[in-house]
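Have a look at the structure below, then the notes.
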Amino acid sequence: MPLSLEEITRAVGGRLTADGKTQIAGVASFASAAASDIVFAEDGDSLQSALRSLAGAVITAEPASPAAANKPLVVTSQPRLAFARVARLLHEPRRQSAGVHSTAVVHRSAKIGKHVSMGPNVVLGEDCVLGENTRIGPGSCISNGVTIGSDCFIDNNVTIYSRTRLGNRVAVHAGAVLGSAGFGYVRDEQTGGYEPFPQIGRLEIGDDVEIGANTTIDRGALDATIIGRGVKIDNLVHIGHNVVIGENVVIAALTGISGSSTIEKDTVCGGQVGIGDHVRVEEGAILGAQCGVPSKKVIRGKGVVFWGTPARPIQDYLKELAVLAGMAKKS
Amino acid sequence: MPLSLEEITRAVGGRLTADGKTQIAGVASFASAAASDIVFAEDGDSLQSALRSLAGAVITAEPASPAAANKPLVVTSQPRLAFARVARLLHEPRRQSAGVHSTAVVHRSAKIGKHVSMGPNVVLGEDCVLGENTRIGPGSCISNGVTIGSDCFIDNNVTIYSRTRLGNRVAVHAGAVLGSAGFGYVRDEQTGGYEPFPQIGRLEIGDDVEIGANTTIDRGALDATIIGRGVKIDNLVHIGHNVVIGENVVIAALTGISGSSTIEKDTVCGGQVGIGDHVRVEEGAILGAQCGVPSKKVIRGKGVVFWGTPARPIQDYLKELAVLAGMAKKS
Amino acid sequence: MPLSLEEITRAVGGRLTADGKTQIAGVASFASAAASDIVFAEDGDSLQSALRSLAGAVITAEPASPAAANKPLVVTSQPRLAFARVARLLHEPRRQSAGVHSTAVVHRSAKIGKHVSMGPNVVLGEDCVLGENTRIGPGSCISNGVTIGSDCFIDNNVTIYSRTRLGNRVAVHAGAVLGSAGFGYVRDEQTGGYEPFPQIGRLEIGDDVEIGANTTIDRGALDATIIGRGVKIDNLVHIGHNVVIGENVVIAALTGISGSSTIEKDTVCGGQVGIGDHVRVEEGAILGAQCGVPSKKVIRGKGVVFWGTPARPIQDYLKELAVLAGMAKKS
């Protein structure tokens, strides 16, 4: 549904440099934009590119020379954020229609909110609770005693184990596995065989969490694995039992977090980061891609970037690399 | 089903320091234990914590000062192992009831043992064999000619390819893929295009193996990929074609093992370990997290920890790190 | 269906050293070959092993001393390639029979080519197009507006998101997720919360692509993620939004490629390689296992092997390792 530039400007709280009647139908990149699209620019260079594109309007920070603009500008302090919000207004995802598909297998004890949708072949176990507007994609299997809040989107072929709890507005992408048994064994010193340590805890996921495709999160061994509010997890991430992740942590693809580690709020993990067991990553640290934190270590430093294995402040790591390269060249 | 301390002590072969009539309903952590729970302690410090908890009893090694204990103690040489066994007695997982769900698609040629359970939307191909008490979770697809032993638990949305064989008491967690085509191509020197090398082998999995969520194990190219008895594999692990894994090997999450490598018995692989093709890791080596073993290398050393890429004994790696850090500091 | 040596030799364009009437039923390894099998040898040593095996014939390069051969030889310039082609002739995979299983949920608007097969519990959304001979395995979910070419094989429990396009002869192994939402957020500087950047693009996959089990490929944010013709992707690989991969690129297991990176044609990525965002890997580079390319870097060098994090030419990396090991030994 198209919106006028005036409506868009009002929605994002900006200032419009031109007439507000122009209708905008979509967001786009510079390369693909048409006259009915809006684009965004974060600096002078990208504003020049935006103005050269075919877009009908540009969301931008306060420009150095507004007079030069040949297109309507929506001026705002956070243009990328405004662009994201406009995209949500203009590109409402097409939703499964509400209702339960005839092939879904839903236990009669389930408590299902208004406007819930379940696709073909969904399996919903005993005593599950689904909040309003929550959608479950085809082929997803939700075991007994799972509670899912409202406005959640559980995608296709997802598995959620017993007693897992999800907050509101949680998005779980295809193939993710939530609440699986943790990886814990006890070796019998006499036989050499491994026996399973109990994995009878649960998994609790806060509001506004997003979980990537084919990611796996284990339930706690005796207590809970906890994913805090606003956490964003990419594809193919592994999170072990008893892990506690604070609010607004971001975790990129193929990262692994071993059992009983704590990742405090506002931490960022790059791709393929490895975190040993019983680690504590303190608030706001930034773990560079592929770095490794050994078991039981503490990583401390708000806004500090860490790199390497074992992870150390990036300037130390870069200096070591430079020293080593220099010596190799001389030898 | 609760058990008395006397029954528990008898089951784990320990010595009880108090009256055996107390009923125990569950195992728990120190933090969550109630009076009906039993906890465990492996050393003096954790025994103090255990005694301060609300637990009704403690499984422990021989304490330094037994007189000080204010709770019944079950004294045993391997307290963690005893705790794990007690957990299995008290927390029998709630099983799918036996029987085949009406939505399961089961080929009439399948041979199905007693008390087998198949959940909704299970697909079972031609000429499959399922042993007694084996359970298949919802959405799992088992292709033609697969043989699964008794007391296995195949979880939700698992895929098992044709002719794969599983032993007894194998647990396969959600989303795992067993017996997929290996990654092998031949480049045509004339066209530059890749053509598939035949992947017509099979996958054989021994007794008491556990396979994590979304893990993938390829079948052999011409012969078999073999996973030995008692092997424990975490989530999101990749095991390539023709790999042979010995008994009681433990492999943590996100590890990748390339084609035609051999991992001998009692080896431990940390998380995100990478093993090239045609590698041999000899008995009892310990590969630290994220280490990398290049193609065709041999890793030798029972109980030796290896680290880094290329993997080397950890004391060498740590010394190199220390020397390098020292030089960077001076420069 | 067995073939005579004469037919085999004609099919691969080689020269036969013996009578062509012998019937060959299969390909095999040296260890498992029977008299009805053919094996291959690429050099003198492996030819000796081949001749000692029980195989009935050997595909080989021009041997140094053909007279010594006690078996019929099919002599050809690319013996491994010829072996792969013979395997395809002799081991035609057993196909699902054509037709749509009664439990498949197929939208009436779908356009389905001749001889298409859909297994149990397949879900096919609105306005999908499937080319001739394409097969969809049990439990796979294909969303609205997906186009799949002819002779494709989509395996079990695969998820394909809306508007994804696949070429011809594409193979997608079990559990793969194609076209999922990319991992892109905008942080609101005022609240500290992350909001989703639009992920409204699409995924386009060329002809002859192969995609491994449980691999995930995200759709573009505003435009397209593109996988070129002939690309081969192993299991558990992550490919982010807006990535462009050129023809005949090979990517081994557990590799992650971050958003907006370009991997030019004929590149090879070893296992667990990590590629940051906005990277360009130029034509024909070889990224060794576990190496890491930081964001925005360019990797250049046809046929050059790179290793380490940050990735550098392997001879530099090896020299650095040698220098460091030498210093550690002296210290």
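Ordering of the structure tokens sets the chain letters (A, B, ...); residue numbers start at 1 within each chain; ligands are numbered from 1 in the order shown.
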- After fitting chain C to chain A over every Cα pair taken in order, the RMSD: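 Between chain A and chain C, the C-alpha RMSD is 0.0 Å.
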- Query: In segment 214-296 of chain C, what's strand (DSSP E) per DSSP? Answer as JSON, numbers by chain?
  - Reply: {"C": [216, 217, 218, 224, 225, 226, 227, 232, 233, 238, 239, 244, 245, 250, 251, 256, 257, 262, 263, 268, 269, 274, 275, 280, 281, 286, 287, 292, 293]}
Same residues, C-alpha atoms, saved as a PDB file, in the first residue's frame:
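selection-v4.pdb, written as the output of this step:
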```pdb
ATOM      1  CA  THR C 216      21.464 -21.956   4.469  1.00  0.00           C
ATOM      2  CA  ILE C 217      21.446 -19.267   1.783  1.00  0.00           C
ATOM      3  CA  ASP C 218      19.790 -15.940   2.549  1.00  0.00           C
ATOM      4  CA  ALA C 224      19.295 -10.549  -5.123  1.00  0.00           C
ATOM      5  CA  THR C 225      21.684 -13.117  -3.746  1.00  0.00           C
ATOM      6  CA  ILE C 226      23.102 -14.916  -6.770  1.00  0.00           C
ATOM      7  CA  ILE C 227      24.643 -18.386  -6.994  1.00  0.00           C
ATOM      8  CA  LYS C 232      29.099 -26.729  -5.597  1.00  0.00           C
ATOM      9  CA  ILE C 233      28.310 -26.062  -1.933  1.00  0.00           C
ATOM     10  CA  HIS C 238      26.120 -20.153   5.381  1.00  0.00           C
ATOM     11  CA  ILE C 239      25.780 -17.634   2.580  1.00  0.00           C
ATOM     12  CA  VAL C 244      27.243 -13.023  -5.549  1.00  0.00           C
ATOM     13  CA  ILE C 245      29.027 -16.266  -6.363  1.00  0.00           C
ATOM     14  CA  VAL C 250      33.502 -24.809  -4.826  1.00  0.00           C
ATOM     15  CA  ILE C 251      32.724 -24.193  -1.131  1.00  0.00           C
ATOM     16  CA  GLY C 256      30.461 -18.696   6.142  1.00  0.00           C
ATOM     17  CA  ILE C 257      30.193 -15.877   3.619  1.00  0.00           C
ATOM     18  CA  THR C 262      31.503 -11.361  -4.210  1.00  0.00           C
ATOM     19  CA  ILE C 263      33.267 -14.635  -4.888  1.00  0.00           C
ATOM     20  CA  VAL C 268      37.805 -22.694  -4.125  1.00  0.00           C
ATOM     21  CA  CYS C 269      36.937 -22.299  -0.417  1.00  0.00           C
ATOM     22  CA  GLY C 274      35.151 -17.191   7.020  1.00  0.00           C
ATOM     23  CA  ILE C 275      34.543 -14.321   4.639  1.00  0.00           C
ATOM     24  CA  ARG C 280      35.816  -9.504  -3.131  1.00  0.00           C
ATOM     25  CA  VAL C 281      37.586 -12.779  -3.799  1.00  0.00           C
ATOM     26  CA  ILE C 286      42.100 -20.795  -3.329  1.00  0.00           C
ATOM     27  CA  LEU C 287      41.151 -20.127   0.273  1.00  0.00           C
ATOM     28  CA  GLY C 292      39.495 -15.656   7.377  1.00  0.00           C
ATOM     29  CA  VAL C 293      39.052 -12.672   5.075  1.00  0.00           C
TER      30      VAL C 293
END
```
- Determine, counting only C-alpha atoms, which protein, DNA and RNA residues have an atom within 10 Å of an atom of Ala252 of chain C; residues of the same chain fewer than 5 positions away are not included. Present the result as a VMD selection string. (chain B and resid 183 256 258) or (chain C and resid 212 232 to 237 268 to 273 289)
Can you pull out the residues contacting Trp307 of chain B? Cut-off 8 Å, using only C-alpha atoms, and skip same-chain residues under 3 positions away; I want them as a PDB file with N, CA, C and O atoms, in the first residue's frame.
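Dumped everything to around.pdb:
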```
ATOM      1  N   LEU B 287      41.916 -32.731  20.635  1.00  0.00           N
ATOM      2  CA  LEU B 287      42.035 -31.589  19.721  1.00  0.00           C
ATOM      3  C   LEU B 287      41.296 -30.402  20.317  1.00  0.00           C
ATOM      4  O   LEU B 287      40.072 -30.429  20.456  1.00  0.00           O
ATOM      5  N   GLY B 288      42.074 -29.352  20.688  1.00  0.00           N
ATOM      6  CA  GLY B 288      41.471 -28.179  21.316  1.00  0.00           C
ATOM      7  C   GLY B 288      40.556 -27.436  20.350  1.00  0.00           C
ATOM      8  O   GLY B 288      40.716 -27.520  19.125  1.00  0.00           O
ATOM      9  N   ALA B 289      39.655 -26.675  20.912  1.00  0.00           N
ATOM     10  CA  ALA B 289      38.655 -25.963  20.112  1.00  0.00           C
ATOM     11  C   ALA B 289      39.311 -25.151  19.006  1.00  0.00           C
ATOM     12  O   ALA B 289      40.350 -24.518  19.223  1.00  0.00           O
ATOM     13  N   GLN B 290      38.712 -25.168  17.845  1.00  0.00           N
ATOM     14  CA  GLN B 290      39.120 -24.368  16.680  1.00  0.00           C
ATOM     15  C   GLN B 290      40.435 -24.805  16.049  1.00  0.00           C
ATOM     16  O   GLN B 290      40.890 -24.167  15.100  1.00  0.00           O
ATOM     17  N   CYS B 291      41.081 -25.843  16.555  1.00  0.00           N
ATOM     18  CA  CYS B 291      42.339 -26.203  15.921  1.00  0.00           C
ATOM     19  C   CYS B 291      42.070 -26.829  14.564  1.00  0.00           C
ATOM     20  O   CYS B 291      40.960 -27.244  14.254  1.00  0.00           O
ATOM     21  N   GLY B 292      43.107 -26.855  13.730  1.00  0.00           N
ATOM     22  CA  GLY B 292      42.949 -27.334  12.368  1.00  0.00           C
ATOM     23  C   GLY B 292      44.034 -28.325  12.003  1.00  0.00           C
ATOM     24  O   GLY B 292      45.210 -28.066  12.243  1.00  0.00           O
ATOM     25  N   PRO B 310      48.383 -24.881  11.804  1.00  0.00           N
ATOM     26  CA  PRO B 310      48.168 -26.319  11.943  1.00  0.00           C
ATOM     27  C   PRO B 310      48.279 -26.774  13.406  1.00  0.00           C
ATOM     28  O   PRO B 310      49.062 -26.212  14.171  1.00  0.00           O
ATOM     29  N   ALA B 311      47.526 -27.782  13.770  1.00  0.00           N
ATOM     30  CA  ALA B 311      47.466 -28.253  15.158  1.00  0.00           C
ATOM     31  C   ALA B 311      48.830 -28.730  15.629  1.00  0.00           C
ATOM     32  O   ALA B 311      49.515 -29.465  14.916  1.00  0.00           O
ATOM     33  N   ARG B 312      49.238 -28.251  16.841  1.00  0.00           N
ATOM     34  CA  ARG B 312      50.503 -28.704  17.419  1.00  0.00           C
ATOM     35  C   ARG B 312      50.295 -28.848  18.926  1.00  0.00           C
ATOM     36  O   ARG B 312      49.306 -28.345  19.461  1.00  0.00           O
ATOM     37  N   PRO B 313      51.214 -29.519  19.616  1.00  0.00           N
ATOM     38  CA  PRO B 313      51.014 -29.702  21.060  1.00  0.00           C
ATOM     39  C   PRO B 313      50.794 -28.350  21.739  1.00  0.00           C
ATOM     40  O   PRO B 313      51.475 -27.365  21.412  1.00  0.00           O
ATOM     41  N   ILE B 314      49.878 -28.306  22.662  1.00  0.00           N
ATOM     42  CA  ILE B 314      49.433 -27.018  23.196  1.00  0.00           C
ATOM     43  C   ILE B 314      50.563 -26.259  23.874  1.00  0.00           C
ATOM     44  O   ILE B 314      50.608 -25.020  23.823  1.00  0.00           O
ATOM     45  N   TYR B 317      52.275 -24.339  21.226  1.00  0.00           N
ATOM     46  CA  TYR B 317      51.438 -23.221  20.771  1.00  0.00           C
ATOM     47  C   TYR B 317      51.451 -22.086  21.788  1.00  0.00           C
ATOM     48  O   TYR B 317      51.611 -20.910  21.434  1.00  0.00           O
TER      49      TYR B 317
END
```
Would you give me, as a short mmCIF file (atom, residue, chain, number, x, y, z; two decimals) with N, CA and C atoms, in the first residue's frame, the residues of chain C that come within 9 Å of chain B, using only C-alpha atoms?
```
data_model
loop_
_atom_site.label_atom_id
_atom_site.label_comp_id
_atom_site.auth_asym_id
_atom_site.auth_seq_id
_atom_site.Cartn_x
_atom_site.Cartn_y
_atom_site.Cartn_z
N VAL C 27 30.83 -49.78 -10.37
CA VAL C 27 32.13 -49.22 -10.02
C VAL C 27 32.40 -49.58 -8.56
N ALA C 28 33.66 -49.56 -8.17
CA ALA C 28 33.98 -49.94 -6.78
C ALA C 28 35.35 -49.41 -6.41
N SER C 29 35.65 -49.47 -5.12
CA SER C 29 36.99 -49.20 -4.63
C SER C 29 37.83 -50.46 -4.79
N ALA C 31 39.29 -52.07 -2.54
CA ALA C 31 39.03 -53.00 -1.44
C ALA C 31 37.76 -53.82 -1.66
N SER C 32 36.77 -53.20 -2.24
CA SER C 32 35.47 -53.89 -2.31
C SER C 32 35.16 -54.43 -3.70
N GLN C 78 41.67 -38.66 -18.70
CA GLN C 78 41.17 -38.21 -17.39
C GLN C 78 40.46 -39.39 -16.72
N ARG C 80 39.82 -40.37 -13.63
CA ARG C 80 38.86 -40.13 -12.54
C ARG C 80 37.53 -39.64 -13.13
N LEU C 81 37.64 -38.76 -14.10
CA LEU C 81 36.43 -38.24 -14.74
C LEU C 81 35.69 -39.36 -15.47
N PHE C 83 35.78 -42.51 -14.77
CA PHE C 83 35.20 -43.38 -13.73
C PHE C 83 33.88 -42.79 -13.23
N ALA C 84 33.89 -41.46 -12.99
CA ALA C 84 32.66 -40.80 -12.51
C ALA C 84 31.54 -40.95 -13.53
N ARG C 85 31.90 -40.83 -14.81
CA ARG C 85 30.86 -40.94 -15.85
C ARG C 85 30.35 -42.37 -15.98
N ALA C 87 30.25 -44.47 -13.57
CA ALA C 87 29.40 -44.68 -12.38
C ALA C 87 27.99 -44.17 -12.63
N ARG C 88 27.88 -43.03 -13.29
CA ARG C 88 26.54 -42.49 -13.56
C ARG C 88 25.75 -43.40 -14.51
N HIS C 91 25.09 -46.78 -12.21
CA HIS C 91 24.39 -46.64 -10.92
C HIS C 91 23.35 -45.54 -10.98
N PRO C 93 20.62 -43.48 -10.02
CA PRO C 93 19.95 -43.52 -8.70
C PRO C 93 18.50 -43.93 -8.86
N THR C 103 -0.56 -37.20 0.10
CA THR C 103 -0.48 -36.31 1.27
C THR C 103 0.18 -34.97 0.94
N PRO C 120 5.64 -37.65 0.01
CA PRO C 120 4.67 -37.39 1.08
C PRO C 120 4.93 -36.06 1.78
N ASN C 121 3.86 -35.38 2.11
CA ASN C 121 3.92 -34.18 2.96
C ASN C 121 4.66 -33.00 2.33
N PRO C 138 10.13 -35.94 0.44
CA PRO C 138 9.15 -35.82 1.53
C PRO C 138 9.45 -34.67 2.48
N GLY C 139 8.42 -34.00 2.90
CA GLY C 139 8.56 -33.00 3.94
C GLY C 139 9.11 -31.67 3.50
N ASN C 156 14.77 -34.25 1.00
CA ASN C 156 13.79 -34.25 2.10
C ASN C 156 13.93 -33.04 3.04
N ASN C 157 12.81 -32.59 3.55
CA ASN C 157 12.79 -31.57 4.61
C ASN C 157 13.55 -30.29 4.24
N HIS C 173 20.28 -30.83 -1.06
CA HIS C 173 20.23 -31.96 -0.13
C HIS C 173 19.38 -31.64 1.10
N ALA C 174 19.14 -32.66 1.89
CA ALA C 174 18.15 -32.58 2.96
C ALA C 174 18.42 -31.44 3.93
N GLY C 175 17.36 -30.82 4.36
CA GLY C 175 17.44 -29.83 5.43
C GLY C 175 17.96 -28.47 5.02
N GLY C 212 24.52 -28.46 -0.23
CA GLY C 212 24.64 -29.53 0.74
C GLY C 212 23.58 -29.52 1.84
N ALA C 213 23.57 -30.59 2.60
CA ALA C 213 22.59 -30.78 3.66
C ALA C 213 22.72 -29.69 4.73
N ASN C 214 21.58 -29.16 5.14
CA ASN C 214 21.49 -28.17 6.22
C ASN C 214 22.26 -26.89 5.94
N GLY C 230 26.91 -23.99 -11.92
CA GLY C 230 27.93 -24.98 -11.63
C GLY C 230 28.56 -24.88 -10.25
N VAL C 231 28.06 -24.00 -9.40
CA VAL C 231 28.62 -23.86 -8.05
C VAL C 231 28.29 -25.10 -7.22
N LYS C 232 29.28 -25.56 -6.45
CA LYS C 232 29.10 -26.73 -5.60
C LYS C 232 29.30 -26.31 -4.14
N ILE C 233 28.29 -26.51 -3.33
CA ILE C 233 28.31 -26.06 -1.93
C ILE C 233 28.10 -27.28 -1.04
N ASP C 234 28.97 -27.42 -0.07
CA ASP C 234 28.95 -28.57 0.84
C ASP C 234 27.89 -28.36 1.95
N ASN C 235 27.92 -29.22 2.93
CA ASN C 235 26.96 -29.17 4.04
C ASN C 235 27.24 -28.01 5.00
N LEU C 236 26.21 -27.50 5.65
CA LEU C 236 26.33 -26.56 6.78
C LEU C 236 27.09 -25.29 6.41
N GLU C 247 30.64 -18.57 -11.44
CA GLU C 247 30.51 -19.94 -11.94
C GLU C 247 31.58 -20.87 -11.39
N ASN C 248 31.16 -22.10 -11.17
CA ASN C 248 32.08 -23.19 -10.82
C ASN C 248 32.91 -22.91 -9.57
N ALA C 252 33.56 -25.62 0.64
CA ALA C 252 33.50 -26.78 1.53
C ALA C 252 32.73 -26.47 2.81
N ALA C 253 32.50 -27.50 3.59
CA ALA C 253 31.57 -27.47 4.71
C ALA C 253 31.90 -26.41 5.76
N LEU C 254 30.87 -25.86 6.38
CA LEU C 254 30.97 -24.97 7.53
C LEU C 254 31.61 -23.63 7.20
N ASP C 266 35.46 -19.81 -10.35
CA ASP C 266 36.57 -20.76 -10.21
C ASP C 266 37.32 -20.64 -8.89
N GLY C 270 38.07 -23.78 1.14
CA GLY C 270 38.18 -24.95 2.00
C GLY C 270 37.12 -24.92 3.10
N GLY C 271 37.16 -25.89 3.97
CA GLY C 271 36.19 -25.98 5.05
C GLY C 271 36.39 -24.88 6.08
N GLN C 272 35.29 -24.42 6.70
CA GLN C 272 35.34 -23.47 7.82
C GLN C 272 36.01 -22.15 7.45
N ALA C 289 41.53 -24.05 4.24
CA ALA C 289 40.58 -24.32 5.32
C ALA C 289 40.82 -23.39 6.50
N GLN C 290 39.71 -22.89 7.07
CA GLN C 290 39.71 -22.08 8.29
C GLN C 290 40.28 -20.68 8.09
N GLY C 308 45.34 -18.66 6.89
CA GLY C 308 45.45 -17.84 8.10
C GLY C 308 44.37 -16.78 8.19
N LEU C 324 58.38 -18.25 13.88
CA LEU C 324 57.86 -18.22 15.26
C LEU C 324 58.25 -19.50 16.01
N ALA C 325 58.10 -20.63 15.36
CA ALA C 325 58.47 -21.89 16.02
C ALA C 325 59.95 -21.89 16.36
N MET C 327 61.86 -19.28 17.03
CA MET C 327 62.11 -18.41 18.18
C MET C 327 61.63 -19.03 19.47
N ALA C 328 60.49 -19.72 19.41
CA ALA C 328 59.97 -20.35 20.64
C ALA C 328 60.94 -21.43 21.11
N LYS C 329 61.53 -22.13 20.16
CA LYS C 329 62.46 -23.19 20.52
C LYS C 329 63.70 -22.61 21.20
N SER C 331 63.94 -19.77 22.83
CA SER C 331 63.69 -18.97 24.05
C SER C 331 63.66 -19.86 25.30
#
```
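Distance annotation: of C:Gly303, C:Pro72, C:Pro79, C:Gly13, the residue with the minimal separation from Phe40 of chain C is C:Pro79; atom set is only C-alpha atoms.
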DSSP on the backbone: which residues in segment 20-264 of chain A end up as alpha helix (DSSP H)? Give the answer as a tab-separated table (two decimals) with N, CA, C and O atoms, in the first residue's frame.
```
chain	number	residue	atom	x	y	z
A	44	GLY	N	27.62	12.09	2.43
A	44	GLY	CA	27.59	12.91	1.21
A	44	GLY	C	27.76	12.10	-0.07
A	44	GLY	O	27.05	12.30	-1.05
A	45	ASP	N	28.70	11.13	-0.03
A	45	ASP	CA	28.92	10.32	-1.23
A	45	ASP	C	27.68	9.52	-1.60
A	45	ASP	O	27.29	9.46	-2.76
A	46	SER	N	27.12	8.88	-0.60
A	46	SER	CA	25.97	8.05	-0.93
A	46	SER	C	24.77	8.93	-1.30
A	46	SER	O	23.93	8.53	-2.11
A	47	LEU	N	24.72	10.14	-0.78
A	47	LEU	CA	23.64	11.04	-1.20
A	47	LEU	C	23.80	11.37	-2.69
A	47	LEU	O	22.81	11.41	-3.44
A	48	GLN	N	25.02	11.60	-3.13
A	48	GLN	CA	25.22	11.85	-4.57
A	48	GLN	C	24.72	10.68	-5.41
A	48	GLN	O	24.04	10.85	-6.42
A	49	SER	N	25.06	9.46	-4.95
A	49	SER	CA	24.59	8.27	-5.67
A	49	SER	C	23.06	8.20	-5.66
A	49	SER	O	22.43	7.85	-6.66
A	50	ALA	N	22.50	8.50	-4.52
A	50	ALA	CA	21.03	8.48	-4.40
A	50	ALA	C	20.39	9.45	-5.36
A	50	ALA	O	19.38	9.15	-6.01
A	51	LEU	N	20.98	10.62	-5.46
A	51	LEU	CA	20.40	11.65	-6.34
A	51	LEU	C	20.56	11.28	-7.82
A	51	LEU	O	19.74	11.67	-8.65
A	52	ARG	N	21.59	10.49	-8.13
A	52	ARG	CA	21.76	10.03	-9.51
A	52	ARG	C	20.85	8.84	-9.86
A	52	ARG	O	20.69	8.49	-11.01
A	79	PRO	N	19.02	8.03	9.25
A	79	PRO	CA	18.37	7.70	7.97
A	79	PRO	C	18.21	6.21	7.71
A	79	PRO	O	17.20	5.78	7.17
A	80	ARG	N	19.20	5.39	8.10
A	80	ARG	CA	19.07	3.94	7.89
A	80	ARG	C	17.91	3.38	8.71
A	80	ARG	O	17.13	2.54	8.23
A	81	LEU	N	17.80	3.87	9.94
A	81	LEU	CA	16.69	3.42	10.79
A	81	LEU	C	15.35	3.85	10.19
A	81	LEU	O	14.38	3.07	10.15
A	82	ALA	N	15.29	5.08	9.71
A	82	ALA	CA	14.05	5.56	9.12
A	82	ALA	C	13.68	4.74	7.88
A	82	ALA	O	12.51	4.38	7.68
A	83	PHE	N	14.70	4.43	7.08
A	83	PHE	CA	14.49	3.62	5.87
A	83	PHE	C	13.91	2.25	6.26
A	83	PHE	O	12.96	1.75	5.64
A	84	ALA	N	14.49	1.64	7.30
A	84	ALA	CA	14.01	0.33	7.76
A	84	ALA	C	12.55	0.42	8.19
A	84	ALA	O	11.74	-0.47	7.91
A	85	ARG	N	12.21	1.51	8.86
A	85	ARG	CA	10.83	1.65	9.33
A	85	ARG	C	9.86	1.89	8.16
A	85	ARG	O	8.75	1.36	8.14
A	86	VAL	N	10.29	2.69	7.20
A	86	VAL	CA	9.45	2.90	6.02
A	86	VAL	C	9.24	1.59	5.27
A	86	VAL	O	8.14	1.28	4.81
A	87	ALA	N	10.31	0.79	5.20
A	87	ALA	CA	10.19	-0.51	4.52
A	87	ALA	C	9.12	-1.37	5.20
A	87	ALA	O	8.35	-2.05	4.52
A	88	ARG	N	9.09	-1.34	6.52
A	88	ARG	CA	8.08	-2.15	7.21
A	88	ARG	C	6.67	-1.64	6.90
A	88	ARG	O	5.73	-2.44	6.81
A	89	LEU	N	6.52	-0.33	6.75
A	89	LEU	CA	5.19	0.21	6.42
A	89	LEU	C	4.78	-0.18	4.99
A	89	LEU	O	3.62	-0.51	4.74
A	90	LEU	N	5.73	-0.12	4.07
A	90	LEU	CA	5.39	-0.31	2.66
A	90	LEU	C	5.38	-1.79	2.25
A	90	LEU	O	4.69	-2.16	1.32
```
- Test item: residues at most 9 Å from Val39 of chain A, only C-alpha atoms, excluding those fewer than 2 positions along its chain, as a PyMOL selection string: chain A and resi 26-30+33+37+41+50+53+55-60+83
Could you save those same residues with N, CA and C atoms as a compact mmCIF listing (two decimals), in the first residue's frame?
```
# COMPACT_ATOMS: atom_id res chain seq x y z
N GLY A 26 7.55 1.77 -2.58
CA GLY A 26 8.48 0.78 -2.05
C GLY A 26 9.81 1.38 -1.69
N VAL A 27 10.64 0.58 -1.01
CA VAL A 27 12.03 0.95 -0.79
C VAL A 27 12.86 0.19 -1.80
N ALA A 28 14.07 0.66 -2.06
CA ALA A 28 14.90 -0.01 -3.06
C ALA A 28 16.35 0.39 -2.86
N SER A 29 17.24 -0.34 -3.53
CA SER A 29 18.64 0.05 -3.62
C SER A 29 18.79 1.09 -4.72
N PHE A 30 19.93 1.76 -4.74
CA PHE A 30 20.17 2.75 -5.82
C PHE A 30 20.02 2.08 -7.19
N ALA A 33 16.17 1.14 -7.99
CA ALA A 33 15.07 2.06 -7.65
C ALA A 33 14.36 2.58 -8.89
N ASP A 37 9.95 4.57 -5.84
CA ASP A 37 10.70 4.05 -4.70
C ASP A 37 11.39 5.16 -3.92
N ALA A 41 20.43 7.55 2.23
CA ALA A 41 21.84 7.91 2.13
C ALA A 41 22.33 8.31 3.51
N ALA A 50 22.50 8.50 -4.52
CA ALA A 50 21.03 8.48 -4.40
C ALA A 50 20.39 9.45 -5.36
N SER A 53 20.30 8.18 -8.83
CA SER A 53 19.44 7.01 -9.08
C SER A 53 18.09 7.47 -9.64
N ALA A 55 15.35 6.89 -8.14
CA ALA A 55 14.41 6.93 -7.01
C ALA A 55 13.61 8.23 -7.00
N GLY A 56 12.40 8.15 -6.44
CA GLY A 56 11.54 9.32 -6.35
C GLY A 56 11.85 10.21 -5.17
N ALA A 57 12.53 9.69 -4.16
CA ALA A 57 12.85 10.47 -2.98
C ALA A 57 13.98 9.79 -2.21
N VAL A 58 14.60 10.58 -1.30
CA VAL A 58 15.75 10.07 -0.55
C VAL A 58 15.56 10.38 0.94
N ILE A 59 15.77 9.39 1.77
CA ILE A 59 15.87 9.61 3.21
C ILE A 59 17.34 9.87 3.52
N THR A 60 17.64 10.93 4.22
CA THR A 60 19.04 11.30 4.39
C THR A 60 19.25 12.08 5.68
N PHE A 83 14.70 4.43 7.08
CA PHE A 83 14.49 3.62 5.87
C PHE A 83 13.91 2.25 6.26
```
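Atom to atom, atom CA of Val249 of chain A and atom CA of Asp155 of chain A stand 21.8 Å apart.
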